[in-house]
Structure formats: structure tokens, C-alpha cells
>>> print(open('structure_16.cif').read())   # mmCIF, C-alpha atoms
data_work
#
loop_
_atom_site.label_atom_id
_atom_site.label_comp_id
_atom_site.auth_asym_id
_atom_site.auth_seq_id
_atom_site.Cartn_x
_atom_site.Cartn_y
_atom_site.Cartn_z
CA MET A 10 -109.78 162.44 150.24
CA GLY A 11 -112.42 160.68 148.29
CA LEU A 12 -114.55 162.62 145.89
CA GLU A 13 -118.11 161.37 146.00
CA LEU A 14 -120.19 161.77 142.85
CA GLU A 15 -123.67 160.32 143.21
CA LEU A 16 -127.13 160.83 141.83
CA LYS A 17 -130.23 160.10 143.88
CA TYR A 18 -133.70 159.27 142.59
CA ALA A 19 -136.98 159.01 144.47
CA ALA A 20 -138.50 155.58 143.97
CA SER A 21 -141.31 153.36 145.16
CA PRO A 22 -140.84 149.92 146.75
CA GLU A 23 -142.29 148.43 143.55
CA VAL A 24 -139.66 150.15 141.40
CA LEU A 25 -136.82 149.06 143.71
CA HIS A 26 -138.14 145.49 143.52
CA ALA A 27 -138.30 145.66 139.70
CA VAL A 28 -134.72 146.97 139.47
CA ALA A 29 -133.49 144.28 141.89
CA GLN A 30 -135.26 141.56 139.90
CA GLU A 31 -133.95 142.78 136.55
CA LEU A 32 -130.33 143.46 137.55
CA GLY A 33 -129.98 140.77 140.25
CA ASP A 34 -127.04 139.86 142.51
CA PHE A 35 -127.39 142.71 145.00
CA ALA A 36 -125.70 142.47 148.41
CA PRO A 37 -127.89 143.53 151.37
CA ILE A 38 -126.40 145.99 153.85
CA SER A 39 -128.16 147.00 157.07
CA MET A 40 -127.61 150.75 157.63
CA GLU A 41 -128.13 152.74 160.84
CA THR A 42 -127.07 156.37 160.50
CA THR A 43 -126.79 159.14 163.09
CA TYR A 44 -126.11 162.71 161.92
CA PHE A 45 -124.36 165.24 164.16
CA ASP A 46 -124.10 169.04 164.23
CA THR A 47 -123.70 171.82 166.78
CA ALA A 48 -126.64 173.56 168.45
CA ASP A 49 -126.22 176.50 166.04
CA TYR A 50 -125.82 174.21 162.98
CA ALA A 51 -122.22 175.27 162.32
CA LEU A 52 -121.67 172.31 159.97
CA SER A 53 -124.87 172.27 157.94
CA SER A 54 -124.73 176.06 157.49
CA LYS A 55 -121.46 175.40 155.60
CA LYS A 56 -123.03 172.48 153.68
CA MET A 57 -121.01 169.93 155.64
CA THR A 58 -122.33 166.65 157.02
CA LEU A 59 -120.88 164.60 159.87
CA ARG A 60 -122.28 161.15 160.50
CA ARG A 61 -121.72 157.78 162.09
CA ARG A 62 -123.14 154.85 160.20
CA PHE A 63 -123.24 151.19 161.13
CA GLU A 64 -122.93 149.14 157.94
CA ASN A 65 -123.83 145.55 158.83
CA GLY A 66 -122.66 146.38 162.37
CA VAL A 67 -119.34 148.02 161.36
CA SER A 68 -118.92 151.64 162.52
CA VAL A 69 -117.98 154.09 159.75
CA CYS A 70 -117.61 157.81 160.59
CA THR A 71 -117.82 160.22 157.65
CA LEU A 72 -117.33 163.93 156.99
CA LYS A 73 -118.73 165.34 153.73
CA THR A 74 -117.93 168.80 152.35
CA PRO A 75 -119.06 170.78 149.29
CA ALA A 76 -117.10 170.13 146.09
CA GLY A 77 -119.29 171.56 143.30
CA GLY A 78 -121.99 170.12 141.07
CA PHE A 79 -123.05 166.60 142.03
CA ALA A 80 -119.70 165.97 143.75
CA ARG A 81 -118.82 166.19 147.44
CA GLY A 82 -115.60 165.75 149.36
CA GLU A 83 -115.83 162.65 151.52
CA TRP A 84 -113.55 161.39 154.30
CA ASP A 85 -114.28 158.06 156.01
CA ALA A 86 -112.86 156.29 159.03
CA ARG A 87 -113.82 152.74 159.93
CA ALA A 88 -113.67 153.49 163.62
CA ASP A 89 -115.79 154.00 166.70
CA TRP A 90 -117.32 157.43 167.28
CA SER A 91 -114.77 159.34 169.37
CA GLU A 92 -113.17 162.74 169.69
CA GLU A 93 -110.01 161.37 168.07
CA THR A 94 -111.91 159.98 165.07
CA VAL A 95 -113.75 163.26 164.49
CA ARG A 96 -110.49 165.24 164.80
CA GLN A 97 -108.84 162.94 162.23
CA LEU A 98 -111.70 163.50 159.76
CA PHE A 99 -111.44 167.29 160.08
CA ASP A 100 -107.63 167.16 159.85
CA ALA A 101 -107.84 165.05 156.67
CA ALA A 102 -110.27 167.59 155.18
CA GLU A 103 -107.98 170.43 156.30
CA ILE A 104 -110.87 172.10 158.11
CA GLU A 105 -110.79 173.67 161.57
CA PRO A 106 -112.39 171.04 163.83
CA ILE A 107 -115.61 171.53 165.71
CA ALA A 108 -115.39 171.06 169.49
CA PHE A 109 -116.40 167.44 170.05
CA ASP A 110 -118.34 168.27 173.22
CA GLY A 111 -120.39 170.76 171.17
CA LEU A 112 -121.68 168.09 168.80
CA GLN A 113 -125.15 166.70 169.27
CA ILE A 114 -127.38 164.20 167.49
CA VAL A 115 -129.64 165.97 164.99
CA CYS A 116 -131.43 163.15 163.17
CA GLY A 117 -130.87 159.79 161.53
CA ALA A 118 -131.89 157.00 159.19
CA ARG A 119 -132.44 153.25 159.35
CA PHE A 120 -132.63 151.38 156.08
CA THR A 121 -131.60 148.36 154.12
CA ARG A 122 -129.38 148.97 151.13
CA LEU A 123 -129.18 146.52 148.27
CA ALA A 124 -125.86 147.30 146.59
CA LYS A 125 -124.31 146.15 143.36
CA THR A 126 -121.18 147.13 141.43
CA VAL A 127 -121.91 147.72 137.75
CA GLU A 128 -119.10 147.76 135.20
CA LEU A 129 -119.90 150.08 132.29
CA PRO A 130 -117.76 151.05 129.32
CA GLY A 131 -115.46 153.71 130.76
CA CYS A 132 -116.58 153.59 134.38
CA THR A 133 -117.53 151.56 137.43
CA VAL A 134 -120.61 152.55 139.43
CA GLU A 135 -122.34 151.38 142.56
CA LEU A 136 -126.08 150.98 142.24
CA ALA A 137 -127.82 151.19 145.62
CA LEU A 138 -131.48 150.55 146.40
CA ASP A 139 -132.35 152.08 149.81
CA GLU A 140 -135.57 151.39 151.72
CA GLY A 141 -136.36 152.27 155.34
CA ILE A 142 -137.04 155.41 157.39
CA LEU A 143 -135.62 158.86 158.07
CA PHE A 144 -136.21 160.28 161.56
CA GLY A 145 -135.78 163.49 163.52
CA GLY A 146 -137.62 165.53 166.13
CA GLY A 147 -139.66 162.51 167.23
CA ARG A 148 -141.07 162.07 163.71
CA GLU A 149 -140.25 159.72 160.87
CA ILE A 150 -140.95 159.39 157.16
CA PRO A 151 -140.40 156.55 154.70
CA LEU A 152 -137.16 156.39 152.73
CA CYS A 153 -137.23 154.80 149.30
CA GLU A 154 -134.59 155.83 146.78
CA LEU A 155 -132.15 154.62 144.19
CA GLU A 156 -128.56 155.92 144.15
CA VAL A 157 -125.98 155.72 141.39
CA GLU A 158 -122.44 156.51 142.59
CA LEU A 159 -119.32 156.80 140.46
CA LYS A 160 -116.55 154.58 141.84
CA ASP A 161 -114.06 154.99 138.98
CA GLY A 162 -113.90 156.41 135.48
CA SER A 163 -115.97 158.74 133.34
CA GLN A 164 -118.48 161.12 134.91
CA ASP A 165 -120.14 161.51 131.50
CA MET A 166 -120.77 157.77 131.24
CA LEU A 167 -122.25 157.75 134.76
CA LEU A 168 -124.60 160.60 133.84
CA ARG A 169 -125.67 158.93 130.57
CA TRP A 170 -126.30 155.56 132.23
CA ALA A 171 -128.21 157.13 135.15
CA THR A 172 -130.35 159.13 132.70
CA VAL A 173 -131.28 155.95 130.80
CA LEU A 174 -131.98 154.10 134.06
CA ALA A 175 -134.17 156.95 135.35
CA ALA A 176 -136.16 157.09 132.10
CA ARG A 177 -136.61 153.31 132.03
CA TYR A 178 -138.10 153.21 135.55
CA GLY A 179 -139.80 156.64 135.62
CA LEU A 180 -137.52 157.94 138.38
CA ALA A 181 -137.47 161.59 139.47
CA PRO A 182 -134.25 163.14 140.78
CA GLU A 183 -134.13 163.45 144.58
CA LYS A 184 -132.53 166.82 145.17
CA LYS A 185 -132.21 166.57 148.94
CA SER A 186 -129.81 164.29 150.77
CA LYS A 187 -130.97 161.90 153.46
CA PHE A 188 -129.51 164.34 156.00
CA LYS A 189 -131.43 167.33 154.57
CA ARG A 190 -134.72 165.45 154.67
CA ALA A 191 -134.14 164.05 158.17
CA SER A 192 -132.93 167.37 159.57
CA ALA A 193 -136.06 169.05 158.18
CA LEU A 194 -138.06 166.59 160.32
CA ALA A 195 -135.94 167.52 163.34
CA ALA A 196 -136.62 171.21 162.66
CA GLY A 197 -140.37 170.55 162.48
CA GLU A 198 -140.61 171.33 158.78
#
>>> encode(input="structure_16.cif", output="C-alpha cells")
Amino acid sequence: MGLELELKYAASPEVLHAVAQELGDFAPISMETTYFDTADYALSSKKMTLRRRFENGVSVCTLKTPAGGFARGEWDARADWSEETVRQLFDAAEIEPIAFDGLQIVCGARFTRLAKTVELPGCTVELALDEGILFGGGREIPLCELEVELKDGSQDMLLRWATVLAARYGLAPEKKSKFKRASALAAGE
């Protein structure tokens, strides 16, 4: 299991451009994400997320579970979307699997991520600048956010660095995940 600890901040295209210019050397990644759940939202009602994402054309299936605070449990498989892949994710998380034939597409996202690894004293973080769209229920909204994810080391250092970065660029915390915002579109909210 991976433990994902990330902070999200709402941003404007101008802010993302300024960050990219100042910190430089970002790698572009084309992202196409599809989120799945059951008709009665069995996963999201338990704060779990199941998705398939193409990252520069490579299929990555992911299951996320609650883990407390800013952290989430995260299991990934670089594999095609299949019943076997989904079963393996649930087995790895030690969660009773959802019937594969009961899963349906709920919503999604298409965006470009500019990603960069940043080495800080006491930790390594990934800085991601995401710009594109979220969609669901035949509607779409713009996506523009900055993410800071701990890859290794001190959570305290991550939080301090992210706080300084947010203050420097006037960023507001984004409290809802991409899935939450896209699924709200699908629900007509």
C-alpha cells in the first residue's frame, strides 16, 4: 500500500504559469481520468475512489481509501481496466470487492499536468500544476489547481513548504478532490 499525502490549491492559469516559469523543468503529462462507482454509490459513500487514468497513454488503475487527515490509502496497478485488475486492487486494500459488472462510469477529468520533483531538507515532494476540465452528467467545468504531494520524508516539512508556496502565490486550499467536484456535476449539483 502507498499512503498518499497531498495538498490541493485552487489556482488560476496565470498563477500556474508563474509557478512554472519560476521553478522550471516541469515534465508534461497528459491525463484522462474515468471514475467508477456503483449505481447506489457504494464506494463514494465509504469515501473510496476507483479510477482508471491514462498518463501519457499508459493505463493506471487506482483505488483510494480513507486514512485520516490529509492522507489516503492508495493502491495502483499499471494495467488495463479489467475485472482481474479491480479485484487485485481490492485484495491489496483488504476490502471486500465490488461486483465488477455493477460498476459504472460516474464522471471524469481531462487535463495536462506539469510535474516536478522537489528535494527539500527532510523530504521529497512532487509539485503538480493541473489544467483542463472536469466532467459529469453532460456538463463540464474548468480545472486549474496546484498539488503538493509527499513522496518521501517529513510531513511537517511538506506542510511548511506548501504553506509558504500558498502564501507566495495567494493560493486557497481546494478542499474537494477532482472526483468530488466531477461527481457533483454528474449529480446535477
>>> resolve_selection(input="structure_16.cif", expression="the PyMOL selection byres ((chain A and resi 108) around 12)", output="ChimeraX atom specification")
/A:45-48,51-52,91-93,95-96,99,105-107,109-113
>>> closest_residue(input="structure_16.cif", among="A:Glu23, A:Thr133, A:Glu13, A:Phe144", to="Trp84 (chain A)", atoms="only C-alpha atoms")
A:Glu13
>>> residues_around(input="structure_16.cif", residues="Ala102 (chain A)", least_positions_apart="3", cutoff="12 Å", atoms="only C-alpha atoms", output="PyMOL selection string")
chain A and resi 10-12+57+59+71-76+81-85+95-99+105-106
>>> write_last_selection(input="structure_16.cif", atoms="C-alpha atoms", output="mmCIF file, keeping the file's coordinate frame")
data_model
loop_
_atom_site.group_PDB
_atom_site.id
_atom_site.type_symbol
_atom_site.label_atom_id
_atom_site.label_comp_id
_atom_site.auth_asym_id
_atom_site.auth_seq_id
_atom_site.Cartn_x
_atom_site.Cartn_y
_atom_site.Cartn_z
ATOM 1 C CA MET A 10 -109.780 162.440 150.240
ATOM 2 C CA GLY A 11 -112.420 160.680 148.290
ATOM 3 C CA LEU A 12 -114.550 162.620 145.890
ATOM 4 C CA MET A 57 -121.010 169.930 155.640
ATOM 5 C CA LEU A 59 -120.880 164.600 159.870
ATOM 6 C CA THR A 71 -117.820 160.220 157.650
ATOM 7 C CA LEU A 72 -117.330 163.930 156.990
ATOM 8 C CA LYS A 73 -118.730 165.340 153.730
ATOM 9 C CA THR A 74 -117.930 168.800 152.350
ATOM 10 C CA PRO A 75 -119.060 170.780 149.290
ATOM 11 C CA ALA A 76 -117.100 170.130 146.090
ATOM 12 C CA ARG A 81 -118.820 166.190 147.440
ATOM 13 C CA GLY A 82 -115.600 165.750 149.360
ATOM 14 C CA GLU A 83 -115.830 162.650 151.520
ATOM 15 C CA TRP A 84 -113.550 161.390 154.300
ATOM 16 C CA ASP A 85 -114.280 158.060 156.010
ATOM 17 C CA VAL A 95 -113.750 163.260 164.490
ATOM 18 C CA ARG A 96 -110.490 165.240 164.800
ATOM 19 C CA GLN A 97 -108.840 162.940 162.230
ATOM 20 C CA LEU A 98 -111.700 163.500 159.760
ATOM 21 C CA PHE A 99 -111.440 167.290 160.080
ATOM 22 C CA GLU A 105 -110.790 173.670 161.570
ATOM 23 C CA PRO A 106 -112.390 171.040 163.830
#
>>> resolve_selection(input="structure_16.cif", expression="the PyMOL selection byres ((chain A and resi 125-132) around 7)", output="PyMOL selection string")
chain A and resi 34-36+123-124+133-137+161-163+166
>>> write_last_selection(input="structure_16.cif", atoms="C-alpha atoms", output="compact mmCIF listing (two decimals), in the coordinates of the input")
# COMPACT_ATOMS: atom_id res chain seq x y z
CA ASP A 34 -127.04 139.86 142.51
CA PHE A 35 -127.39 142.71 145.00
CA ALA A 36 -125.70 142.47 148.41
CA LEU A 123 -129.18 146.52 148.27
CA ALA A 124 -125.86 147.30 146.59
CA THR A 133 -117.53 151.56 137.43
CA VAL A 134 -120.61 152.55 139.43
CA GLU A 135 -122.34 151.38 142.56
CA LEU A 136 -126.08 150.98 142.24
CA ALA A 137 -127.82 151.19 145.62
CA ASP A 161 -114.06 154.99 138.98
CA GLY A 162 -113.90 156.41 135.48
CA SER A 163 -115.97 158.74 133.34
CA MET A 166 -120.77 157.77 131.24
>>> closest_residue(input="structure_16.cif", among="A:Leu167, A:Leu25, A:Ile142, A:Ala175", to="Cys116 (chain A)", atoms="all atoms listed in the file")
A:Ile142
>>> residues_around(input="structure_16.cif", residues="Lys189 (chain A)", least_positions_apart="6", cutoff="12 Å", atoms="only C-alpha atoms", output="ChimeraX atom specification")
/A:44,53-54,56-58,115-118,143-145,183,195-196,198
>>> write_last_selection(input="structure_16.cif", atoms="C-alpha atoms", output="mmCIF file, in the coordinates of the input")
data_model
loop_
_atom_site.group_PDB
_atom_site.id
_atom_site.type_symbol
_atom_site.label_atom_id
_atom_site.label_comp_id
_atom_site.auth_asym_id
_atom_site.auth_seq_id
_atom_site.Cartn_x
_atom_site.Cartn_y
_atom_site.Cartn_z
ATOM 1 C CA TYR A 44 -126.110 162.710 161.920
ATOM 2 C CA SER A 53 -124.870 172.270 157.940
ATOM 3 C CA SER A 54 -124.730 176.060 157.490
ATOM 4 C CA LYS A 56 -123.030 172.480 153.680
ATOM 5 C CA MET A 57 -121.010 169.930 155.640
ATOM 6 C CA THR A 58 -122.330 166.650 157.020
ATOM 7 C CA VAL A 115 -129.640 165.970 164.990
ATOM 8 C CA CYS A 116 -131.430 163.150 163.170
ATOM 9 C CA GLY A 117 -130.870 159.790 161.530
ATOM 10 C CA ALA A 118 -131.890 157.000 159.190
ATOM 11 C CA LEU A 143 -135.620 158.860 158.070
ATOM 12 C CA PHE A 144 -136.210 160.280 161.560
ATOM 13 C CA GLY A 145 -135.780 163.490 163.520
ATOM 14 C CA GLU A 183 -134.130 163.450 144.580
ATOM 15 C CA ALA A 195 -135.940 167.520 163.340
ATOM 16 C CA ALA A 196 -136.620 171.210 162.660
ATOM 17 C CA GLU A 198 -140.610 171.330 158.780
#
>>> atom_distance(input="structure_16.cif", atom1="CA of Thr42 (chain A)", atom2="CA of Arg119 (chain A)")
6.3 Å
>>> atom_distance(input="structure_16.cif", atom1="CA of Glu156 (chain A)", atom2="CA of Ala191 (chain A)")
17.1 Å
>>> axis_aligned_box(input="structure_16.cif", around="region 122-125 of chain A", padding_each_side="5 Å", output="AutoDock Vina command-line options")
--center_x -126.8 --center_y 147.6 --center_z 147.2 --size_x 15.1 --size_y 12.8 --size_z 17.8
>>> closest_residue(input="structure_16.cif", among="A:Lys17, A:Ala171, A:Cys70, A:Lys55", to="Ile104 (chain A)", atoms="only C-alpha atoms")
A:Lys55
>>> decode(input="structure_16.cif", residues="region 91-126 of chain A", atoms="N, CA, C and O atoms", output="mmCIF file, in the first residue's frame")
data_model
loop_
_atom_site.group_PDB
_atom_site.id
_atom_site.type_symbol
_atom_site.label_atom_id
_atom_site.label_comp_id
_atom_site.auth_asym_id
_atom_site.auth_seq_id
_atom_site.Cartn_x
_atom_site.Cartn_y
_atom_site.Cartn_z
ATOM 1 N N SER A 91 -9.887 -4.067 -16.046
ATOM 2 C CA SER A 91 -10.473 -5.400 -16.173
ATOM 3 C C SER A 91 -10.980 -5.839 -14.806
ATOM 4 O O SER A 91 -10.610 -5.265 -13.779
ATOM 5 N N GLU A 92 -11.786 -6.884 -14.816
ATOM 6 C CA GLU A 92 -12.286 -7.435 -13.560
ATOM 7 C C GLU A 92 -11.128 -7.906 -12.687
ATOM 8 O O GLU A 92 -11.117 -7.682 -11.467
ATOM 9 N N GLU A 93 -10.126 -8.527 -13.291
ATOM 10 C CA GLU A 93 -8.967 -9.017 -12.547
ATOM 11 C C GLU A 93 -8.197 -7.864 -11.896
ATOM 12 O O GLU A 93 -7.799 -7.951 -10.732
ATOM 13 N N THR A 94 -7.992 -6.785 -12.631
ATOM 14 C CA THR A 94 -7.266 -5.631 -12.081
ATOM 15 C C THR A 94 -8.016 -5.045 -10.891
ATOM 16 O O THR A 94 -7.422 -4.754 -9.846
ATOM 17 N N VAL A 95 -9.310 -4.869 -11.031
ATOM 18 C CA VAL A 95 -10.114 -4.301 -9.941
ATOM 19 C C VAL A 95 -10.078 -5.231 -8.734
ATOM 20 O O VAL A 95 -9.911 -4.775 -7.589
ATOM 21 N N ARG A 96 -10.200 -6.521 -8.948
ATOM 22 C CA ARG A 96 -10.139 -7.488 -7.832
ATOM 23 C C ARG A 96 -8.790 -7.394 -7.118
ATOM 24 O O ARG A 96 -8.726 -7.412 -5.893
ATOM 25 N N GLN A 97 -7.706 -7.279 -7.875
ATOM 26 C CA GLN A 97 -6.373 -7.169 -7.273
ATOM 27 C C GLN A 97 -6.247 -5.910 -6.411
ATOM 28 O O GLN A 97 -5.636 -5.954 -5.341
ATOM 29 N N LEU A 98 -6.810 -4.802 -6.859
ATOM 30 C CA LEU A 98 -6.772 -3.564 -6.073
ATOM 31 C C LEU A 98 -7.512 -3.741 -4.751
ATOM 32 O O LEU A 98 -7.010 -3.363 -3.680
ATOM 33 N N PHE A 99 -8.703 -4.315 -4.799
ATOM 34 C CA PHE A 99 -9.482 -4.534 -3.571
ATOM 35 C C PHE A 99 -8.797 -5.542 -2.653
ATOM 36 O O PHE A 99 -8.776 -5.358 -1.437
ATOM 37 N N ASP A 100 -8.214 -6.593 -3.234
ATOM 38 C CA ASP A 100 -7.481 -7.572 -2.422
ATOM 39 C C ASP A 100 -6.301 -6.910 -1.725
ATOM 40 O O ASP A 100 -6.059 -7.141 -0.543
ATOM 41 N N ALA A 101 -5.550 -6.089 -2.441
ATOM 42 C CA ALA A 101 -4.395 -5.407 -1.859
ATOM 43 C C ALA A 101 -4.812 -4.488 -0.713
ATOM 44 O O ALA A 101 -4.107 -4.359 0.285
ATOM 45 N N ALA A 102 -5.983 -3.876 -0.847
ATOM 46 C CA ALA A 102 -6.501 -2.981 0.195
ATOM 47 C C ALA A 102 -7.201 -3.748 1.317
ATOM 48 O O ALA A 102 -7.628 -3.145 2.304
ATOM 49 N N GLU A 103 -7.325 -5.062 1.132
ATOM 50 C CA GLU A 103 -8.021 -5.920 2.096
ATOM 51 C C GLU A 103 -9.451 -5.450 2.338
ATOM 52 O O GLU A 103 -9.932 -5.343 3.466
ATOM 53 N N ILE A 104 -10.132 -5.164 1.225
ATOM 54 C CA ILE A 104 -11.527 -4.713 1.241
ATOM 55 C C ILE A 104 -12.343 -5.681 0.401
ATOM 56 O O ILE A 104 -11.888 -6.139 -0.659
ATOM 57 N N GLU A 105 -13.539 -5.978 0.850
ATOM 58 C CA GLU A 105 -14.446 -6.835 0.078
ATOM 59 C C GLU A 105 -14.703 -6.192 -1.281
ATOM 60 O O GLU A 105 -15.110 -5.034 -1.362
ATOM 61 N N PRO A 106 -14.431 -6.906 -2.379
ATOM 62 C CA PRO A 106 -14.573 -6.286 -3.698
ATOM 63 C C PRO A 106 -16.020 -5.998 -4.079
ATOM 64 O O PRO A 106 -16.948 -6.659 -3.617
ATOM 65 N N ILE A 107 -16.151 -5.005 -4.908
ATOM 66 C CA ILE A 107 -17.438 -4.653 -5.512
ATOM 67 C C ILE A 107 -17.590 -5.522 -6.757
ATOM 68 O O ILE A 107 -16.613 -5.775 -7.468
ATOM 69 N N ALA A 108 -18.808 -5.965 -7.040
ATOM 70 C CA ALA A 108 -19.043 -6.751 -8.264
ATOM 71 C C ALA A 108 -18.683 -5.906 -9.477
ATOM 72 O O ALA A 108 -19.201 -4.796 -9.656
ATOM 73 N N PHE A 109 -17.774 -6.405 -10.293
ATOM 74 C CA PHE A 109 -17.279 -5.653 -11.443
ATOM 75 C C PHE A 109 -18.415 -5.242 -12.369
ATOM 76 O O PHE A 109 -18.437 -4.111 -12.866
ATOM 77 N N ASP A 110 -19.374 -6.144 -12.592
ATOM 78 C CA ASP A 110 -20.474 -5.815 -13.504
ATOM 79 C C ASP A 110 -21.430 -4.783 -12.906
ATOM 80 O O ASP A 110 -22.281 -4.250 -13.601
ATOM 81 N N GLY A 111 -21.266 -4.450 -11.631
ATOM 82 C CA GLY A 111 -22.077 -3.404 -11.001
ATOM 83 C C GLY A 111 -21.440 -2.028 -11.062
ATOM 84 O O GLY A 111 -22.047 -1.037 -10.664
ATOM 85 N N LEU A 112 -20.214 -1.956 -11.567
ATOM 86 C CA LEU A 112 -19.525 -0.672 -11.672
ATOM 87 C C LEU A 112 -19.962 0.066 -12.923
ATOM 88 O O LEU A 112 -20.173 -0.537 -13.973
ATOM 89 N N GLN A 113 -20.077 1.375 -12.795
ATOM 90 C CA GLN A 113 -20.431 2.200 -13.943
ATOM 91 C C GLN A 113 -19.609 3.487 -13.910
ATOM 92 O O GLN A 113 -19.118 3.885 -12.862
ATOM 93 N N ILE A 114 -19.481 4.104 -15.063
ATOM 94 C CA ILE A 114 -18.771 5.385 -15.147
ATOM 95 C C ILE A 114 -19.626 6.459 -14.492
ATOM 96 O O ILE A 114 -20.819 6.577 -14.784
ATOM 97 N N VAL A 115 -19.013 7.238 -13.609
ATOM 98 C CA VAL A 115 -19.714 8.320 -12.916
ATOM 99 C C VAL A 115 -19.356 9.672 -13.520
ATOM 100 O O VAL A 115 -20.226 10.501 -13.758
ATOM 101 N N CYS A 116 -18.069 9.898 -13.735
ATOM 102 C CA CYS A 116 -17.597 11.201 -14.187
ATOM 103 C C CYS A 116 -16.144 11.070 -14.606
ATOM 104 O O CYS A 116 -15.604 9.960 -14.627
ATOM 105 N N GLY A 117 -15.486 12.204 -14.892
ATOM 106 C CA GLY A 117 -14.095 12.117 -15.298
ATOM 107 C C GLY A 117 -13.402 13.465 -15.342
ATOM 108 O O GLY A 117 -13.961 14.494 -14.949
ATOM 109 N N ALA A 118 -12.190 13.427 -15.863
ATOM 110 C CA ALA A 118 -11.360 14.630 -15.989
ATOM 111 C C ALA A 118 -10.404 14.446 -17.151
ATOM 112 O O ALA A 118 -9.951 13.332 -17.425
ATOM 113 N N ARG A 119 -10.109 15.547 -17.829
ATOM 114 C CA ARG A 119 -9.072 15.583 -18.860
ATOM 115 C C ARG A 119 -8.227 16.814 -18.567
ATOM 116 O O ARG A 119 -8.759 17.931 -18.490
ATOM 117 N N PHE A 120 -6.940 16.603 -18.398
ATOM 118 C CA PHE A 120 -6.092 17.747 -18.072
ATOM 119 C C PHE A 120 -4.643 17.450 -18.414
ATOM 120 O O PHE A 120 -4.253 16.312 -18.634
ATOM 121 N N THR A 121 -3.879 18.502 -18.450
ATOM 122 C CA THR A 121 -2.435 18.386 -18.590
ATOM 123 C C THR A 121 -1.829 18.692 -17.235
ATOM 124 O O THR A 121 -2.185 19.687 -16.597
ATOM 125 N N ARG A 122 -0.948 17.818 -16.819
ATOM 126 C CA ARG A 122 -0.219 18.007 -15.561
ATOM 127 C C ARG A 122 1.227 18.358 -15.915
ATOM 128 O O ARG A 122 1.859 17.674 -16.706
ATOM 129 N N LEU A 123 1.712 19.424 -15.314
ATOM 130 C CA LEU A 123 3.134 19.721 -15.337
ATOM 131 C C LEU A 123 3.663 19.273 -13.991
ATOM 132 O O LEU A 123 3.218 19.776 -12.947
ATOM 133 N N ALA A 124 4.580 18.306 -13.982
ATOM 134 C CA ALA A 124 5.048 17.702 -12.731
ATOM 135 C C ALA A 124 6.544 17.908 -12.562
ATOM 136 O O ALA A 124 7.306 17.896 -13.534
ATOM 137 N N LYS A 125 6.916 18.064 -11.303
ATOM 138 C CA LYS A 125 8.323 18.285 -10.969
ATOM 139 C C LYS A 125 8.583 17.707 -9.590
ATOM 140 O O LYS A 125 7.802 17.906 -8.662
ATOM 141 N N THR A 126 9.696 17.000 -9.433
ATOM 142 C CA THR A 126 10.136 16.532 -8.128
ATOM 143 C C THR A 126 10.971 17.636 -7.490
ATOM 144 O O THR A 126 11.855 18.204 -8.135
#
